[in-house]
$ cat entry-v1.cif   # mmCIF, C-alpha atoms and all ligand atoms
data_run
loop_
_atom_site.group_PDB
_atom_site.id
_atom_site.type_symbol
_atom_site.label_atom_id
_atom_site.label_comp_id
_atom_site.auth_asym_id
_atom_site.auth_seq_id
_atom_site.Cartn_x
_atom_site.Cartn_y
_atom_site.Cartn_z
ATOM 1 C CA MET V 1 0.000 0.000 0.000
ATOM 2 C CA ASN V 2 1.258 3.479 -0.881
ATOM 3 C CA GLU V 3 1.489 5.711 2.120
ATOM 4 C CA HIS V 4 -0.505 8.381 0.323
ATOM 5 C CA TYR V 5 -2.412 9.179 -2.879
ATOM 6 C CA PRO V 6 -2.686 7.404 -5.244
ATOM 7 C CA PHE V 7 -3.535 4.515 -2.965
ATOM 8 C CA VAL V 8 -3.041 1.068 -4.476
ATOM 9 C CA ASN V 9 -4.326 -2.385 -3.605
ATOM 10 C CA THR V 10 -1.511 -4.571 -2.267
ATOM 11 C CA PRO V 11 -1.864 -8.257 -3.212
ATOM 12 C CA LEU V 12 -2.565 -10.624 -0.343
ATOM 13 C CA PRO V 13 0.515 -12.521 0.876
ATOM 14 C CA PHE V 14 -1.325 -15.816 0.249
ATOM 15 C CA ALA V 15 -3.587 -17.356 -2.399
ATOM 16 C CA PHE V 16 -7.328 -16.716 -2.322
ATOM 17 C CA ASP V 17 -7.944 -20.368 -1.437
ATOM 18 C CA ALA V 18 -5.342 -20.417 1.357
ATOM 19 C CA LEU V 19 -7.956 -19.877 4.067
ATOM 20 C CA GLU V 20 -10.159 -22.778 2.960
ATOM 21 C CA PRO V 21 -12.287 -24.238 4.403
ATOM 22 C CA TYR V 22 -12.771 -21.401 6.895
ATOM 23 C CA ILE V 23 -13.080 -18.574 4.379
ATOM 24 C CA ASP V 24 -13.716 -19.633 0.796
ATOM 25 C CA ALA V 25 -11.629 -18.575 -2.194
ATOM 26 C CA HIS V 26 -14.466 -16.856 -4.053
ATOM 27 C CA THR V 27 -15.290 -14.684 -1.051
ATOM 28 C CA MET V 28 -11.627 -13.767 -0.598
ATOM 29 C CA GLU V 29 -11.222 -12.803 -4.248
ATOM 30 C CA LEU V 30 -14.386 -10.694 -4.361
ATOM 31 C CA HIS V 31 -13.636 -9.140 -1.001
ATOM 32 C CA HIS V 32 -10.048 -8.150 -1.766
ATOM 33 C CA ASP V 33 -10.066 -7.482 -5.510
ATOM 34 C CA HIS V 34 -13.522 -5.923 -5.790
ATOM 35 C CA HIS V 35 -14.827 -4.619 -2.464
ATOM 36 C CA LEU V 36 -11.507 -3.228 -1.218
ATOM 37 C CA GLN V 37 -10.559 -2.084 -4.734
ATOM 38 C CA THR V 38 -13.760 -0.047 -4.946
ATOM 39 C CA TYR V 39 -12.949 1.801 -1.718
ATOM 40 C CA ILE V 40 -9.457 2.526 -3.034
ATOM 41 C CA ASP V 41 -10.777 3.746 -6.403
ATOM 42 C CA ASN V 42 -13.420 5.928 -4.779
ATOM 43 C CA LEU V 43 -10.926 7.390 -2.316
ATOM 44 C CA ASN V 44 -8.470 8.243 -5.095
ATOM 45 C CA ALA V 45 -11.258 9.784 -7.189
ATOM 46 C CA ALA V 46 -12.397 11.925 -4.256
ATOM 47 C CA LEU V 47 -8.836 13.194 -3.754
ATOM 48 C CA VAL V 48 -8.130 14.089 -7.405
ATOM 49 C CA PRO V 49 -9.377 17.693 -7.083
ATOM 50 C CA HIS V 50 -7.472 18.227 -3.801
ATOM 51 C CA PRO V 51 -3.724 18.147 -4.521
ATOM 52 C CA ARG V 52 -2.948 19.456 -1.054
ATOM 53 C CA LEU V 53 -4.280 16.173 0.369
ATOM 54 C CA HIS V 54 -2.139 13.982 -1.897
ATOM 55 C CA SER V 55 0.724 13.715 0.568
ATOM 56 C CA LEU V 56 -1.478 12.653 3.489
ATOM 57 C CA SER V 57 -1.554 9.107 4.800
ATOM 58 C CA LEU V 58 -4.765 7.193 5.333
ATOM 59 C CA GLN V 59 -4.664 7.918 9.051
ATOM 60 C CA GLN V 60 -3.967 11.629 8.519
ATOM 61 C CA LEU V 61 -6.896 11.857 6.112
ATOM 62 C CA LEU V 62 -9.194 10.159 8.615
ATOM 63 C CA ARG V 63 -8.026 12.382 11.458
ATOM 64 C CA ARG V 64 -8.504 15.588 9.461
ATOM 65 C CA ALA V 65 -11.739 14.602 7.686
ATOM 66 C CA PRO V 66 -13.995 16.460 10.184
ATOM 67 C CA GLU V 67 -12.393 19.726 9.002
ATOM 68 C CA TYR V 68 -13.258 19.106 5.332
ATOM 69 C CA PRO V 69 -16.359 20.383 3.489
ATOM 70 C CA PRO V 70 -19.281 17.964 3.973
ATOM 71 C CA ALA V 71 -19.103 16.093 0.648
ATOM 72 C CA LEU V 72 -15.346 15.576 0.877
ATOM 73 C CA ARG V 73 -15.605 14.638 4.543
ATOM 74 C CA THR V 74 -18.176 11.950 3.751
ATOM 75 C CA ALA V 75 -16.144 10.598 0.830
ATOM 76 C CA VAL V 76 -12.987 10.414 2.954
ATOM 77 C CA GLU V 77 -14.672 8.901 5.993
ATOM 78 C CA HIS V 78 -16.482 6.229 3.952
ATOM 79 C CA ASN V 79 -13.655 5.325 1.606
ATOM 80 C CA ALA V 80 -10.489 5.926 3.637
ATOM 81 C CA GLY V 81 -12.343 4.155 6.442
ATOM 82 C CA GLY V 82 -13.153 1.281 4.096
ATOM 83 C CA VAL V 83 -9.515 1.033 3.031
ATOM 84 C CA TYR V 84 -8.165 1.240 6.592
ATOM 85 C CA ASN V 85 -10.608 -1.329 7.984
ATOM 86 C CA HIS V 86 -10.107 -3.786 5.129
ATOM 87 C CA GLU V 87 -6.329 -3.558 5.244
ATOM 88 C CA PHE V 88 -6.494 -4.212 8.961
ATOM 89 C CA PHE V 89 -8.843 -7.136 8.476
ATOM 90 C CA PHE V 90 -6.783 -8.741 5.698
ATOM 91 C CA ALA V 91 -3.523 -8.262 7.611
ATOM 92 C CA GLY V 92 -5.169 -10.122 10.482
ATOM 93 C CA LEU V 93 -5.706 -13.263 8.416
ATOM 94 C CA ILE V 94 -3.223 -16.101 8.040
ATOM 95 C CA PRO V 95 -3.490 -19.507 6.363
ATOM 96 C CA PRO V 96 -4.391 -22.104 8.980
ATOM 97 C CA THR V 97 -1.307 -24.244 8.370
ATOM 98 C CA ALA V 98 1.079 -21.291 8.637
ATOM 99 C CA GLY V 99 0.713 -20.989 12.380
ATOM 100 C CA PRO V 100 2.095 -23.355 14.961
ATOM 101 C CA PRO V 101 -0.505 -25.963 15.959
ATOM 102 C CA THR V 102 -1.804 -25.476 19.468
ATOM 103 C CA GLU V 103 -3.276 -27.862 21.929
ATOM 104 C CA GLY V 104 -6.951 -28.600 21.510
ATOM 105 C CA THR V 105 -7.308 -27.095 18.071
ATOM 106 C CA LEU V 106 -5.305 -28.431 15.183
ATOM 107 C CA THR V 107 -4.965 -25.236 13.255
ATOM 108 C CA ALA V 108 -5.775 -22.135 15.253
ATOM 109 C CA MET V 109 -3.014 -19.893 16.516
ATOM 110 C CA GLN V 110 -3.187 -18.173 19.853
ATOM 111 C CA PRO V 111 -1.594 -15.117 21.396
ATOM 112 C CA THR V 112 1.824 -15.466 22.990
ATOM 113 C CA GLY V 113 3.985 -13.417 25.326
ATOM 114 C CA PRO V 114 2.645 -10.136 26.736
ATOM 115 C CA LEU V 115 -0.625 -10.330 24.807
ATOM 116 C CA ALA V 116 -1.352 -13.814 26.144
ATOM 117 C CA ALA V 117 -0.800 -12.494 29.669
ATOM 118 C CA ALA V 118 -3.067 -9.505 28.993
ATOM 119 C CA VAL V 119 -5.839 -11.733 27.632
ATOM 120 C CA HIS V 120 -5.584 -13.828 30.776
ATOM 121 C CA LYS V 121 -5.647 -10.763 33.013
ATOM 122 C CA THR V 122 -8.566 -9.038 31.294
ATOM 123 C CA PHE V 123 -10.755 -11.951 30.242
ATOM 124 C CA GLY V 124 -9.698 -14.860 32.447
ATOM 125 C CA ASP V 125 -8.803 -17.027 29.474
ATOM 126 C CA LEU V 126 -8.764 -17.000 25.696
ATOM 127 C CA ASP V 127 -12.053 -18.886 25.353
ATOM 128 C CA HIS V 128 -13.849 -16.275 27.444
ATOM 129 C CA MET V 129 -12.369 -13.506 25.316
ATOM 130 C CA LYS V 130 -13.541 -15.325 22.191
ATOM 131 C CA ALA V 131 -17.041 -15.693 23.622
ATOM 132 C CA LEU V 132 -17.260 -11.975 24.394
ATOM 133 C CA PHE V 133 -15.789 -11.084 21.001
ATOM 134 C CA LYS V 134 -18.349 -13.313 19.309
ATOM 135 C CA ALA V 135 -21.205 -11.727 21.229
ATOM 136 C CA ALA V 136 -19.951 -8.295 20.157
ATOM 137 C CA ALA V 137 -19.621 -9.402 16.521
ATOM 138 C CA LEU V 138 -23.158 -10.803 16.556
ATOM 139 C CA ALA V 139 -24.497 -7.622 18.125
ATOM 140 C CA VAL V 140 -23.381 -5.485 15.177
ATOM 141 C CA PHE V 141 -26.707 -4.585 13.565
ATOM 142 C CA GLY V 142 -26.278 -4.532 9.802
ATOM 143 C CA SER V 143 -22.719 -3.914 8.660
ATOM 144 C CA GLY V 144 -19.577 -3.203 10.641
ATOM 145 C CA TYR V 145 -16.616 -4.653 12.490
ATOM 146 C CA ALA V 146 -15.674 -6.142 15.847
ATOM 147 C CA TRP V 147 -12.285 -5.165 17.303
ATOM 148 C CA LEU V 148 -9.850 -6.197 19.996
ATOM 149 C CA LEU V 149 -7.908 -3.146 21.186
ATOM 150 C CA SER V 150 -5.291 -2.165 23.707
ATOM 151 C CA ASP V 151 -4.859 1.140 25.454
ATOM 152 C CA ARG V 152 -1.341 2.503 25.965
ATOM 153 C CA ARG V 153 -1.104 0.808 29.346
ATOM 154 C CA GLY V 154 -1.792 -2.540 27.764
ATOM 155 C CA ARG V 155 -5.346 -2.918 28.987
ATOM 156 C CA LEU V 156 -7.475 -4.818 26.481
ATOM 157 C CA GLY V 157 -10.976 -3.991 25.360
ATOM 158 C CA LEU V 158 -13.573 -4.906 22.763
ATOM 159 C CA LEU V 159 -15.333 -2.483 20.473
ATOM 160 C CA THR V 160 -17.700 -2.590 17.531
ATOM 161 C CA THR V 161 -17.925 -0.040 14.737
ATOM 162 C CA ALA V 162 -20.721 0.531 12.229
ATOM 163 C CA ASN V 163 -20.330 0.495 8.448
ATOM 164 C CA GLN V 164 -16.830 1.824 7.627
ATOM 165 C CA ASP V 165 -16.348 3.852 10.797
ATOM 166 C CA THR V 166 -12.858 3.393 12.225
ATOM 167 C CA PRO V 167 -12.129 2.921 15.933
ATOM 168 C CA PRO V 168 -11.962 6.300 17.707
ATOM 169 C CA VAL V 169 -8.323 7.208 18.387
ATOM 170 C CA GLY V 170 -8.995 7.539 22.116
ATOM 171 C CA ARG V 171 -10.128 3.930 22.385
ATOM 172 C CA GLY V 172 -6.640 2.564 21.922
ATOM 173 C CA ALA V 173 -4.672 0.643 19.343
ATOM 174 C CA PRO V 174 -6.520 -2.013 17.333
ATOM 175 C CA LEU V 175 -4.976 -5.498 17.521
ATOM 176 C CA LEU V 176 -7.429 -7.631 15.553
ATOM 177 C CA CYS V 177 -10.619 -6.948 13.652
ATOM 178 C CA LEU V 178 -13.357 -9.004 12.106
ATOM 179 C CA ASP V 179 -15.336 -7.751 9.126
ATOM 180 C CA VAL V 180 -18.972 -8.724 9.702
ATOM 181 C CA TRP V 181 -20.404 -7.141 6.569
ATOM 182 C CA GLU V 182 -22.418 -9.837 4.766
ATOM 183 C CA HIS V 183 -20.005 -9.675 1.801
ATOM 184 C CA ALA V 184 -17.354 -11.131 4.130
ATOM 185 C CA TYR V 185 -19.219 -14.387 4.669
ATOM 186 C CA TYR V 186 -22.534 -14.680 2.812
ATOM 187 C CA LEU V 187 -21.408 -16.942 -0.066
ATOM 188 C CA LYS V 188 -20.319 -19.644 2.364
ATOM 189 C CA TYR V 189 -22.253 -19.014 5.550
ATOM 190 C CA TYR V 190 -25.428 -17.324 4.196
ATOM 191 C CA ASN V 191 -27.102 -15.633 7.166
ATOM 192 C CA VAL V 192 -25.242 -17.612 9.853
ATOM 193 C CA ARG V 193 -22.776 -14.998 11.054
ATOM 194 C CA ALA V 194 -22.109 -17.011 14.222
ATOM 195 C CA ALA V 195 -20.548 -19.896 12.267
ATOM 196 C CA TYR V 196 -18.367 -17.437 10.352
ATOM 197 C CA VAL V 197 -17.130 -15.894 13.598
ATOM 198 C CA ASP V 198 -16.372 -19.324 15.084
ATOM 199 C CA ASN V 199 -14.402 -20.393 12.016
ATOM 200 C CA TRP V 200 -12.566 -17.093 11.617
ATOM 201 C CA TRP V 201 -10.541 -17.885 14.747
ATOM 202 C CA ALA V 202 -8.833 -20.677 12.768
ATOM 203 C CA VAL V 203 -7.336 -18.061 10.440
ATOM 204 C CA ALA V 204 -6.942 -15.116 12.833
ATOM 205 C CA ASN V 205 -3.353 -13.881 12.734
ATOM 206 C CA TRP V 206 -2.282 -13.767 16.371
ATOM 207 C CA MET V 207 1.331 -13.137 15.357
ATOM 208 C CA GLN V 208 0.138 -9.854 13.893
ATOM 209 C CA ALA V 209 -1.864 -9.097 17.055
ATOM 210 C CA ASP V 210 1.140 -9.931 19.271
ATOM 211 C CA ALA V 211 3.293 -7.498 17.296
ATOM 212 C CA ARG V 212 0.653 -4.766 17.390
ATOM 213 C CA TYR V 213 0.269 -5.237 21.138
ATOM 214 C CA GLU V 214 3.984 -4.882 21.728
ATOM 215 C CA THR V 215 3.959 -1.669 19.670
ATOM 216 C CA ALA V 216 0.927 -0.382 21.578
ATOM 217 C CA ILE V 217 2.581 -0.842 24.963
ATOM 218 C CA ALA V 218 6.086 0.168 23.841
ATOM 219 C CA GLY V 219 5.440 3.849 24.621
ATOM 220 C CA ALA V 220 4.306 3.101 28.153
ATOM 221 C CA THR V 221 7.211 0.726 28.741
ATOM 222 C CA ALA V 222 9.716 3.334 27.558
ATOM 223 C CA LYS V 223 8.123 5.910 29.851
ATOM 224 C CA MET V 224 8.362 3.555 32.838
ATOM 225 C CA ARG V 225 12.028 2.913 32.090
ATOM 226 C CA ARG V 226 12.777 6.636 32.039
ATOM 227 C CA ARG V 227 11.335 7.116 35.526
HETATM 228 MN MN MN3 S 301 -15.458 -6.048 3.839
#
$ encode --input "entry-v1.cif" --output "structure tokens"
Amino acid sequence: MNEHYPFVNTPLPFAFDALEPYIDAHTMELHHDHHLQTYIDNLNAALVPHPRLHSLSLQQLLRRAPEYPPALRTAVEHNAGGVYNHEFFFAGLIPPTAGPPTEGTLTAMQPTGPLAAAVHKTFGDLDHMKALFKAAALAVFGSGYAWLLSDRRGRLGLLTTANQDTPPVGRGAPLLCLDVWEHAYYLKYYNVRAAYVDNWWAVANWMQADARYETAIAGATAKMRRR
């Protein structure tokens, strides 16, 4: 992904069928090459008449959008939001055989290190976190996302966002997100979002979440060391 305009669609680091049978190849291809591509195309088109915005990153555009005239603000929030959320979602996926097998489940990864400790501290255990995450994902009415986040002190939380809204900056750093728009699962799971959520854990990229967590808490750790 370019850091600024013109934004481009980065190929996935795995084949469309690499997440089978948990997420089917056709869904992955449509989702990445058509749904995400449309957000990228619409974002670029909205930015064409605004050369002063061409050097801004996705996150800068989203942060400054409230200052823009209404039509531009809407176009940026919908489309930069759609790009940000989808990139986050796709980066949080990993082929089931790529992760180390863990006890109990043959394929699913799980958090390690500081994030594993934080999950234990906040939720008791990973299964309880998954149950709460699932409940949140099922509670999204219509389209949106469920998120696992960390504040700068490493405290975990869950959040849902509607449509292509992005997590408010004050709510902490996102670690993992699940796209619960119907286009993310309908071809395989029809209306049964719960089964999609259950199976998504088999391809959730905990290595990515571990790394994001360590970045999220790095500031606080550095501050503690300086004291
Ligand atoms: Mn989507």
$ atom_distance --input "entry-v1.cif" --atom1 "CA of Pro51 (chain V)" --atom2 "CA of Pro6 (chain V)"
10.8 Å
$ residues_near_ligand --input "entry-v1.cif" --ligand "ligand MN3 301 (chain S)" --cutoff "9 Å" --atoms "all atoms listed in the file" --output "list of chain:residue names"
V:His31, V:His32, V:His35, V:Leu36, V:Gly82, V:Asn85, V:His86, V:Phe89, V:Ser143, V:Gly144, V:Tyr145, V:Gln164, V:Asp179, V:Val180, V:Trp181, V:Glu182, V:His183, V:Ala184
$ residues_around --input "entry-v1.cif" --residues "Asn44 (chain V)" --least-positions-apart "3" --cutoff "12 Å" --atoms "all atoms listed in the file" --output "PyMOL selection string"
chain V and resi 2+4-9+37-41+47-51+53-54+56+58+61+72+75-76+79-80+83
$ atom_distance --input "entry-v1.cif" --atom1 "CA of His128 (chain V)" --atom2 "CA of Asn205 (chain V)"
18.2 Å
$ closest_residue --input "entry-v1.cif" --among "V:Ala162, V:His78, V:Leu115, V:Ala131" --to "Asn42 (chain V)" --atoms "only C-alpha atoms"
V:His78
$ resolve_selection --input "entry-v1.cif" --expression "the PyMOL selection byres (((chain V and resi 173) around 12) and not hetatm)" --output "MDAnalysis selection string"
chainID V and resid 88 147:159 166:172 174:177 209 211:219
